[in-house]
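Student: Here you go, this is final17.tsv (TSV, C-alpha atoms).
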```
chain	number	residue	atom	x	y	z
F	180	MET	CA	109.67	97.97	88.88
F	181	LEU	CA	110.05	99.80	85.58
F	182	GLY	CA	107.05	97.95	84.18
F	183	VAL	CA	104.94	99.74	86.76
F	184	LEU	CA	106.78	103.06	87.14
F	185	LYS	CA	107.86	103.38	83.47
F	186	ALA	CA	110.58	105.93	84.31
F	187	ALA	CA	112.65	105.75	87.48
F	188	THR	CA	116.06	106.29	89.04
F	189	ALA	CA	118.26	103.55	90.47
F	190	ASP	CA	117.71	105.12	93.89
F	191	GLN	CA	113.93	104.76	93.65
F	192	ILE	CA	114.18	101.18	92.41
F	193	GLN	CA	116.56	100.31	95.27
F	194	ARG	CA	114.30	101.81	97.93
F	195	LEU	CA	111.37	99.79	96.58
F	196	SER	CA	113.03	96.46	95.91
F	197	SER	CA	115.94	96.30	98.39
F	198	PRO	CA	115.19	98.66	101.28
F	199	HIS	CA	117.72	96.91	103.54
F	200	LEU	CA	120.53	98.40	101.46
F	201	THR	CA	119.59	101.84	102.77
F	202	TYR	CA	120.94	100.74	106.18
F	203	ARG	CA	123.97	98.69	105.13
F	204	HIS	CA	126.32	101.46	104.01
F	205	THR	CA	125.95	103.98	106.82
F	206	THR	CA	129.65	103.82	107.73
F	207	LYS	CA	130.72	105.31	104.41
F	208	LYS	CA	131.83	108.92	104.70
F	209	THR	CA	129.47	110.89	102.46
F	210	ALA	CA	125.87	110.66	101.31
F	211	ALA	CA	127.05	110.44	97.69
F	212	VAL	CA	129.34	107.47	98.43
F	213	ARG	CA	126.57	105.77	100.42
F	214	LYS	CA	124.10	106.19	97.54
F	215	GLU	CA	126.63	104.87	95.04
F	216	ALA	CA	127.18	101.76	97.17
F	217	ARG	CA	123.53	100.97	97.85
F	218	THR	CA	122.46	101.43	94.22
F	219	ALA	CA	125.43	99.69	92.56
F	220	SER	CA	123.65	96.40	91.84
F	221	HIS	CA	120.55	98.17	90.53
F	222	ARG	CA	122.59	100.40	88.24
F	223	GLY	CA	124.27	97.27	86.92
F	224	ALA	CA	120.91	95.62	86.26
F	225	LEU	CA	119.67	98.73	84.47
F	226	ASN	CA	122.79	98.71	82.30
F	227	ASP	CA	122.04	95.09	81.39
F	228	LEU	CA	118.52	96.09	80.33
F	229	ARG	CA	119.99	98.84	78.18
F	230	ARG	CA	122.45	96.48	76.50
F	231	HIS	CA	119.56	94.19	75.56
F	232	GLY	CA	117.51	97.06	74.15
F	233	LEU	CA	114.93	96.93	76.94
F	234	SER	CA	115.65	100.35	78.47
F	235	VAL	CA	117.18	103.66	77.47
F	236	ASP	CA	118.62	106.65	79.26
F	237	GLY	CA	115.93	109.24	79.96
F	238	GLY	CA	117.94	112.30	80.90
F	239	ARG	CA	118.49	113.44	84.45
F	240	THR	CA	116.33	114.70	87.28
F	241	ARG	CA	116.75	118.24	88.55
F	242	GLY	CA	118.88	116.71	91.28
F	243	GLY	CA	121.22	115.20	88.70
F	244	GLU	CA	120.15	111.56	88.97
F	245	GLU	CA	119.96	109.48	85.81
F	246	VAL	CA	116.46	108.42	84.76
F	247	ARG	CA	115.87	105.12	82.97
F	248	LEU	CA	112.94	104.45	80.63
F	249	LEU	CA	111.62	101.21	79.18
F	250	THR	CA	111.60	100.75	75.44
F	251	LYS	CA	108.62	99.25	73.63
F	252	ASP	CA	110.28	95.83	73.88
F	253	GLY	CA	111.03	96.45	77.55
F	254	LEU	CA	107.41	97.28	78.27
F	255	ALA	CA	106.32	94.07	76.51
F	256	ALA	CA	108.82	92.03	78.55
F	257	ALA	CA	107.59	93.65	81.76
F	258	ALA	CA	103.99	92.80	80.80
F	259	ILE	CA	104.96	89.11	80.79
F	260	GLU	CA	106.58	89.42	84.23
F	261	LEU	CA	103.54	91.26	85.62
F	262	ASP	CA	101.06	88.96	83.84
F	263	ARG	CA	99.28	91.96	82.32
F	264	GLY	CA	97.92	92.49	78.84
F	265	PRO	CA	99.39	95.29	76.69
F	266	GLU	CA	96.37	97.50	77.32
F	267	GLU	CA	96.82	97.04	81.09
F	268	MET	CA	100.41	98.29	81.13
F	269	GLY	CA	99.59	101.98	80.75
F	270	GLY	CA	101.51	104.49	78.68
F	271	MET	CA	104.87	106.18	79.04
F	272	PRO	CA	104.85	109.45	81.02
F	273	LYS	CA	104.84	112.54	78.83
F	274	SER	CA	108.17	114.36	78.50
F	275	ALA	CA	109.77	111.88	80.88
F	276	GLY	CA	113.20	112.51	79.38
F	277	ARG	CA	112.88	116.31	79.50
F	278	SER	CA	112.45	118.94	82.20
F	279	GLY	CA	113.95	116.68	84.85
F	280	ALA	CA	111.07	114.16	84.71
F	281	SER	CA	109.60	116.01	87.69
F	282	HIS	CA	106.06	114.64	87.37
F	283	ALA	CA	107.21	111.04	86.86
F	284	MET	CA	109.43	111.37	89.93
F	285	THR	CA	106.46	112.68	91.96
F	286	VAL	CA	104.36	109.70	90.85
F	287	ASN	CA	107.15	107.32	91.89
F	288	GLU	CA	107.59	108.95	95.29
F	289	THR	CA	103.83	108.70	95.85
F	290	VAL	CA	103.95	104.95	95.14
F	291	ILE	CA	106.94	104.50	97.47
F	292	ALA	CA	105.24	106.50	100.23
F	293	MET	CA	102.11	104.36	99.96
F	294	ILE	CA	103.90	101.00	99.87
F	295	ARG	CA	106.35	101.92	102.67
F	296	PRO	CA	108.85	99.15	101.87
F	297	LYS	CA	110.27	97.50	104.99
F	298	PRO	CA	113.82	96.13	105.25
F	299	ASP	CA	114.63	92.54	106.15
F	300	LEU	CA	116.38	92.90	109.52
F	301	HIS	CA	118.41	89.74	108.94
F	302	LEU	CA	120.13	91.54	106.07
F	303	VAL	CA	121.13	94.42	108.35
F	304	ALA	CA	122.63	92.22	111.09
F	305	GLY	CA	126.15	93.18	112.13
F	306	LYS	CA	125.83	96.80	111.05
F	307	PRO	CA	126.28	99.77	113.43
F	308	ALA	CA	123.72	100.05	116.22
F	309	ASP	CA	122.22	103.29	114.88
F	310	ALA	CA	121.68	101.68	111.47
F	311	ILE	CA	119.96	98.68	113.04
F	312	ALA	CA	117.81	100.99	115.17
F	313	ALA	CA	116.76	102.98	112.09
F	314	ALA	CA	115.89	99.77	110.23
F	315	GLN	CA	113.91	98.51	113.23
F	316	ALA	CA	111.99	101.80	113.40
F	317	CYS	CA	111.03	101.37	109.73
F	318	VAL	CA	109.85	97.81	110.39
F	319	ASP	CA	107.82	98.95	113.42
F	320	ALA	CA	106.15	101.82	111.52
F	321	PRO	CA	102.58	101.34	110.22
F	322	ASP	CA	102.30	99.10	107.19
F	323	GLY	CA	101.87	100.58	103.76
F	324	ILE	CA	99.28	99.64	101.17
F	325	GLY	CA	99.89	96.82	98.70
F	326	SER	CA	103.05	95.86	96.84
F	327	ILE	CA	104.50	97.12	93.56
F	328	THR	CA	102.19	94.76	91.63
F	329	SER	CA	99.18	96.47	93.24
F	330	TYR	CA	99.93	99.59	91.22
F	331	ALA	CA	99.80	100.77	87.62
F	332	THR	CA	100.73	104.17	86.23
F	333	GLU	CA	99.70	106.32	83.25
F	334	VAL	CA	96.49	104.34	82.73
F	335	ALA	CA	94.03	105.46	80.04
F	336	LEU	CA	90.37	105.78	81.04
F	337	PRO	CA	88.64	106.20	77.67
F	338	ALA	CA	85.39	108.11	77.27
F	339	THR	CA	85.57	107.12	73.59
F	340	GLY	CA	87.59	104.46	71.80
F	341	THR	CA	88.78	101.25	73.41
F	342	TRP	CA	91.11	100.25	76.23
F	343	ARG	CA	93.86	99.60	73.71
F	344	ASN	CA	93.12	102.62	71.52
F	345	PRO	CA	91.57	105.31	73.74
F	346	GLY	CA	89.96	108.32	72.13
F	347	VAL	CA	91.54	111.75	72.13
F	348	GLY	CA	91.02	113.75	75.32
F	349	CYS	CA	90.42	110.82	77.66
F	350	ALA	CA	91.51	110.82	81.29
F	351	TRP	CA	94.88	109.33	82.15
F	352	ALA	CA	95.17	108.20	85.75
F	353	ASP	CA	98.59	108.91	87.20
F	354	ILE	CA	98.25	105.90	89.51
F	355	VAL	CA	95.72	103.08	89.80
F	356	LEU	CA	95.80	101.07	93.03
F	357	THR	CA	94.03	97.73	93.49
F	358	ALA	CA	94.46	96.45	97.03
F	359	PRO	CA	91.32	94.59	98.15
F	360	GLU	CA	93.29	93.06	101.04
F	361	ALA	CA	93.58	96.61	102.44
F	362	ALA	CA	89.90	97.41	101.79
F	363	LEU	CA	90.89	99.40	98.70
F	364	PRO	CA	89.55	97.38	95.75
F	365	LEU	CA	90.09	100.30	93.37
F	366	LEU	CA	91.53	103.80	93.80
F	367	PHE	CA	92.64	106.37	91.23
F	368	ILE	CA	95.34	108.83	92.26
F	369	GLU	CA	96.29	112.15	90.66
F	370	ALA	CA	99.77	113.41	91.55
F	371	ASP	CA	100.39	117.11	90.96
F	372	ASN	CA	103.46	119.30	91.47
F	373	CYS	CA	101.35	122.40	92.16
F	374	THR	CA	101.90	123.57	88.59
F	375	GLU	CA	98.25	123.40	87.48
F	376	ASP	CA	95.49	125.76	88.52
F	377	ALA	CA	92.10	124.66	89.83
F	378	THR	CA	90.33	124.87	86.46
F	379	ILE	CA	92.75	122.42	84.84
F	380	ILE	CA	92.44	120.00	87.75
F	381	ALA	CA	88.63	120.30	87.67
F	382	ALA	CA	88.67	119.43	83.95
F	383	LYS	CA	90.55	116.22	84.78
F	384	PHE	CA	87.80	115.12	87.14
F	385	ASP	CA	85.22	115.83	84.45
F	386	LYS	CA	87.13	113.43	82.18
F	387	TYR	CA	87.06	110.83	84.94
F	388	MET	CA	83.30	111.22	85.26
F	389	ARG	CA	82.82	110.83	81.51
F	390	HIS	CA	84.66	107.51	81.71
F	391	PHE	CA	82.75	106.36	84.80
F	392	HIS	CA	79.43	107.10	83.05
F	393	ARG	CA	80.38	105.15	79.94
F	394	LYS	CA	78.77	101.74	79.46
F	395	VAL	CA	79.80	98.93	77.12
F	396	LYS	CA	78.64	95.38	76.53
F	397	ASP	CA	80.45	92.88	78.70
F	398	THR	CA	81.20	89.28	77.71
F	399	ASP	CA	77.71	88.27	78.89
F	400	GLY	CA	76.13	90.71	76.44
F	401	GLN	CA	74.91	93.00	79.22
F	402	ASP	CA	75.67	96.72	79.40
F	403	LYS	CA	78.03	97.50	82.28
F	404	PRO	CA	80.09	100.50	83.33
F	405	MET	CA	83.25	100.25	81.26
F	406	TRP	CA	85.53	100.41	84.29
F	407	ARG	CA	83.89	97.25	85.66
F	408	THR	CA	84.99	95.27	82.59
F	409	ARG	CA	88.59	95.66	83.79
F	410	TRP	CA	88.41	96.06	87.57
F	411	SER	CA	86.21	94.46	90.19
F	412	ALA	CA	84.75	96.29	93.16
F	413	PRO	CA	81.85	95.54	95.51
F	414	ASP	CA	78.44	96.63	94.26
F	415	PRO	CA	77.26	99.49	96.48
F	416	GLN	CA	73.75	99.10	97.83
F	417	TRP	CA	72.61	102.06	95.77
F	418	GLY	CA	74.03	100.71	92.51
F	419	ASP	CA	76.62	102.37	90.32
F	420	ALA	CA	75.47	105.90	91.07
F	421	THR	CA	78.80	106.14	92.89
F	422	HIS	CA	82.19	105.55	91.33
F	423	PRO	CA	85.71	104.51	92.37
F	424	PRO	CA	87.33	107.24	94.47
F	425	VAL	CA	89.87	109.66	93.01
F	426	ARG	CA	92.34	111.25	95.41
F	427	SER	CA	94.92	113.96	94.98
F	428	ARG	CA	98.41	113.39	96.36
F	429	SER	CA	97.96	116.16	98.97
F	430	SER	CA	94.79	114.60	100.41
F	431	LEU	CA	96.46	111.17	100.46
F	432	ARG	CA	99.34	112.62	102.46
F	433	CYS	CA	96.88	113.86	105.09
F	434	ARG	CA	95.08	110.48	105.19
F	435	LEU	CA	98.34	108.53	105.57
F	436	ALA	CA	99.48	110.89	108.34
F	437	ALA	CA	96.17	110.41	110.17
F	438	ARG	CA	96.52	106.64	109.79
F	439	GLU	CA	100.01	106.77	111.32
F	440	VAL	CA	98.79	108.85	114.28
F	441	LYS	CA	95.98	106.36	114.95
F	442	SER	CA	98.46	103.50	114.84
```
Kindly transcribe the structure held in the file into structure tokens.
Tutor:
Amino acid sequence: MLGVLKAATADQIQRLSSPHLTYRHTTKKTAAVRKEARTASHRGALNDLRRHGLSVDGGRTRGGEEVRLLTKDGLAAAAIELDRGPEEMGGMPKSAGRSGASHAMTVNETVIAMIRPKPDLHLVAGKPADAIAAAQACVDAPDGIGSITSYATEVALPATGTWRNPGVGCAWADIVLTAPEAALPLLFIEADNCTEDATIIAAKFDKYMRHFHRKVKDTDGQDKPMWRTRWSAPDPQWGDATHPPVRSRSSLRCRLAAREVKS
């Protein structure tokens, strides 16, 4: 989880990896006690990572939750688990340990909202009827898109330099999704907290376009769009005049809502 998200809370990791735990502690008296119970094993695992030098404390969110970050060694270990090269892992979010890690948390919540993790109902058996009903409603809801390994965060899209050493001023995709099984072979996502004005956002899309226009020699010696040397996507009938789509978080929310209504 941290290999993809880079910075996350135990609560976010639990909701992604063990969603059934959300429904197993509903009889406890307060929300704080319920959260402590459902995240206990994940907090323990994060402490193990810290003891082995693979993660560090990254401050707290504005809501007071502890954020965990991977170290350089932790990112390398995660690359092995994800079967990704170092240049495919993406960078660490800027200022993740300061200012409540608000942007990193928004990126994580976007990933969770798109995956829509579903609980295993067998692991909720014997719990109160309302908890089972809530878990069943989650299972019956429309499926999400991909799994955690379908995503990458803080990915450099160099207009100059290389994948491993991108040039200054390149685009950095907040999220890259590859889910061909869901008819989304490649999608770039920008998550914003409504803190940037339109001119700054427009400049980001210009950086994307500079990357999409860049061509490099592939292993066959032929010039190809640089993005195609890392990701595959169907060739459009009109050639590479078009590029992988880039969506903002707000437009994705509308599209997911429309998908749920249709379902």
Student: For Ser326 in chain F, which of F:Asp262, F:Asp227, F:Glu360, F:Glu267 is the closest residue, counting only C-alpha atoms?
Tutor: F:Glu360
Student: Would you mind listing what lies within 8 Å of Met293 in chain F as a list in words, with only C-alpha atoms counted and same-chain residues fewer than 3 positions away left out?
Tutor: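 My list of contacting residues is Thr289, Val290, Gly323, Ile324, Gly325 and Leu435 of chain F.
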Student: What lies within 7 Å of Lys185 in chain F using all atoms listed in the file, ignoring chain neighbours under 4 positions off, as an mmCIF file with C-alpha atoms, keeping the file's coordinate frame?
Tutor:
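What follows is the written file around-v5.cif:
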```cif
data_model
loop_
_atom_site.group_PDB
_atom_site.id
_atom_site.type_symbol
_atom_site.label_atom_id
_atom_site.label_comp_id
_atom_site.auth_asym_id
_atom_site.auth_seq_id
_atom_site.Cartn_x
_atom_site.Cartn_y
_atom_site.Cartn_z
ATOM 1 C CA LEU F 181 110.050 99.800 85.580
ATOM 2 C CA LEU F 248 112.940 104.450 80.630
ATOM 3 C CA LEU F 249 111.620 101.210 79.180
ATOM 4 C CA MET F 271 104.870 106.180 79.040
#
```
Student: Residues near Lys394 in chain F, anyone? I mean within 7 Å using only C-alpha atoms, not counting same-chain ones fewer than 4 positions away, as an MDAnalysis selection string.
Tutor: chainID F and resid 402:405
Student: With distances taken over only C-alpha atoms, which of F:Thr341, F:Gln193, F:Thr328, F:Thr374 is nearest to Val355 in chain F?
Tutor: F:Thr328
Student: For the atom pair CA of Asp190 in chain F and CA of Asp319 in chain F, what is the interatomic distance in Å to one decimal place?
Tutor: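 Rounded to one decimal, the two atoms are 22.7 Å apart.
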Student: Extract, using all atoms listed in the file, all DNA, RNA and protein residues at most 9 Å from Trp410 in chain F, discarding same-chain residues fewer than 5 positions from it, and format them as a ChimeraX atom specification.
Tutor: /F:357,364-365
Student: Taking C-alpha atoms for each residue, export the selection above as a short mmCIF file (atom, residue, chain, number, x, y, z; two decimals), in the coordinates of the input.
Tutor:
```
data_model
loop_
_atom_site.label_atom_id
_atom_site.label_comp_id
_atom_site.auth_asym_id
_atom_site.auth_seq_id
_atom_site.Cartn_x
_atom_site.Cartn_y
_atom_site.Cartn_z
CA THR F 357 94.03 97.73 93.49
CA PRO F 364 89.55 97.38 95.75
CA LEU F 365 90.09 100.30 93.37
#
```
Student: Kindly give the distance, in Å, that separates CA of Arg247 in chain F and CA of Thr188 in chain F, rounded to a single decimal.
Tutor: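 A separation of 6.2 Å between them.
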Student: Taking all atoms listed in the file into account, which of F:Leu300, F:Cys349, F:Gly223, F:Arg241 comes nearest Ala312 in chain F?
Tutor: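 Closest residue, counting all atoms listed in the file: F:Leu300.
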Student: From the options F:Ala377, F:Pro413, F:Gly400, F:Ser197, which residue's atoms come nearest to Ala219 in chain F, counting all atoms listed in the file?
Tutor: F:Ser197
Student: Pick out the closest residue to Pro265 in chain F from this set: F:Ala335, F:Val347, F:Met180, F:Ala370. Count only C-alpha atoms.
Tutor: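 Checking each candidate against Pro265 in chain F, we get F:Ala335 as the closest.
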Student: Name the closest residue to Val318 in chain F among the candidates F:Pro272, F:Ile379, F:Arg295, F:Glu266; distances are taken between atoms, counting all atoms listed in the file.
Tutor: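 Closest residue, counting all atoms listed in the file: F:Arg295.
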Student: Report as a count of residues only all protein, DNA and RNA residues lying within 12 Å of Tyr387 in chain F, evaluated on all atoms listed in the file, omitting residues in the same chain fewer than 3 positions from it.
Tutor: 30
Student: Using Å and a single decimal, report how far CA of Thr218 in chain F sits from CA of Thr201 in chain F.
Tutor: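 Interatomic distance here is 9.0 Å.
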Student: Mind dumping a table of every range 276-319 of chain F residue within 12 Å of range 202-207 of chain F, with the nearest atom pair and its distance in Å to one decimal, using only C-alpha atoms, sorted by chain and rising number, as a Markdown table?
Tutor:
```
| residue | atom | partner | partner_atom | distance |
| --- | --- | --- | --- | --- |
| F:Lys297 | CA | F:Tyr202 | CA | 11.2 |
| F:Pro298 | CA | F:Tyr202 | CA | 8.5 |
| F:Asp299 | CA | F:Tyr202 | CA | 10.3 |
| F:Leu300 | CA | F:Tyr202 | CA | 9.7 |
| F:His301 | CA | F:Arg203 | CA | 11.2 |
| F:Leu302 | CA | F:Arg203 | CA | 8.2 |
| F:Val303 | CA | F:Arg203 | CA | 6.1 |
| F:Ala304 | CA | F:Arg203 | CA | 8.9 |
| F:Gly305 | CA | F:Arg203 | CA | 9.2 |
| F:Lys306 | CA | F:Arg203 | CA | 6.5 |
| F:Pro307 | CA | F:Thr206 | CA | 7.8 |
| F:Ala308 | CA | F:Thr205 | CA | 10.4 |
| F:Asp309 | CA | F:Thr205 | CA | 8.9 |
| F:Ala310 | CA | F:Tyr202 | CA | 5.4 |
| F:Ile311 | CA | F:Tyr202 | CA | 7.2 |
| F:Ala312 | CA | F:Tyr202 | CA | 9.5 |
| F:Ala313 | CA | F:Tyr202 | CA | 7.6 |
| F:Ala314 | CA | F:Tyr202 | CA | 6.5 |
| F:Gln315 | CA | F:Tyr202 | CA | 10.2 |
| F:Ala316 | CA | F:Tyr202 | CA | 11.5 |
| F:Cys317 | CA | F:Tyr202 | CA | 10.5 |
```
Student: Can those selected residues be exported to a file as a PDB file, keeping the file's coordinate frame so that it contains C-alpha atoms?
Tutor:
```pdb
ATOM      1  CA  LYS F 297     110.270  97.500 104.990  1.00  0.00           C
ATOM      2  CA  PRO F 298     113.820  96.130 105.250  1.00  0.00           C
ATOM      3  CA  ASP F 299     114.630  92.540 106.150  1.00  0.00           C
ATOM      4  CA  LEU F 300     116.380  92.900 109.520  1.00  0.00           C
ATOM      5  CA  HIS F 301     118.410  89.740 108.940  1.00  0.00           C
ATOM      6  CA  LEU F 302     120.130  91.540 106.070  1.00  0.00           C
ATOM      7  CA  VAL F 303     121.130  94.420 108.350  1.00  0.00           C
ATOM      8  CA  ALA F 304     122.630  92.220 111.090  1.00  0.00           C
ATOM      9  CA  GLY F 305     126.150  93.180 112.130  1.00  0.00           C
ATOM     10  CA  LYS F 306     125.830  96.800 111.050  1.00  0.00           C
ATOM     11  CA  PRO F 307     126.280  99.770 113.430  1.00  0.00           C
ATOM     12  CA  ALA F 308     123.720 100.050 116.220  1.00  0.00           C
ATOM     13  CA  ASP F 309     122.220 103.290 114.880  1.00  0.00           C
ATOM     14  CA  ALA F 310     121.680 101.680 111.470  1.00  0.00           C
ATOM     15  CA  ILE F 311     119.960  98.680 113.040  1.00  0.00           C
ATOM     16  CA  ALA F 312     117.810 100.990 115.170  1.00  0.00           C
ATOM     17  CA  ALA F 313     116.760 102.980 112.090  1.00  0.00           C
ATOM     18  CA  ALA F 314     115.890  99.770 110.230  1.00  0.00           C
ATOM     19  CA  GLN F 315     113.910  98.510 113.230  1.00  0.00           C
ATOM     20  CA  ALA F 316     111.990 101.800 113.400  1.00  0.00           C
ATOM     21  CA  CYS F 317     111.030 101.370 109.730  1.00  0.00           C
TER      22      CYS F 317
END
```
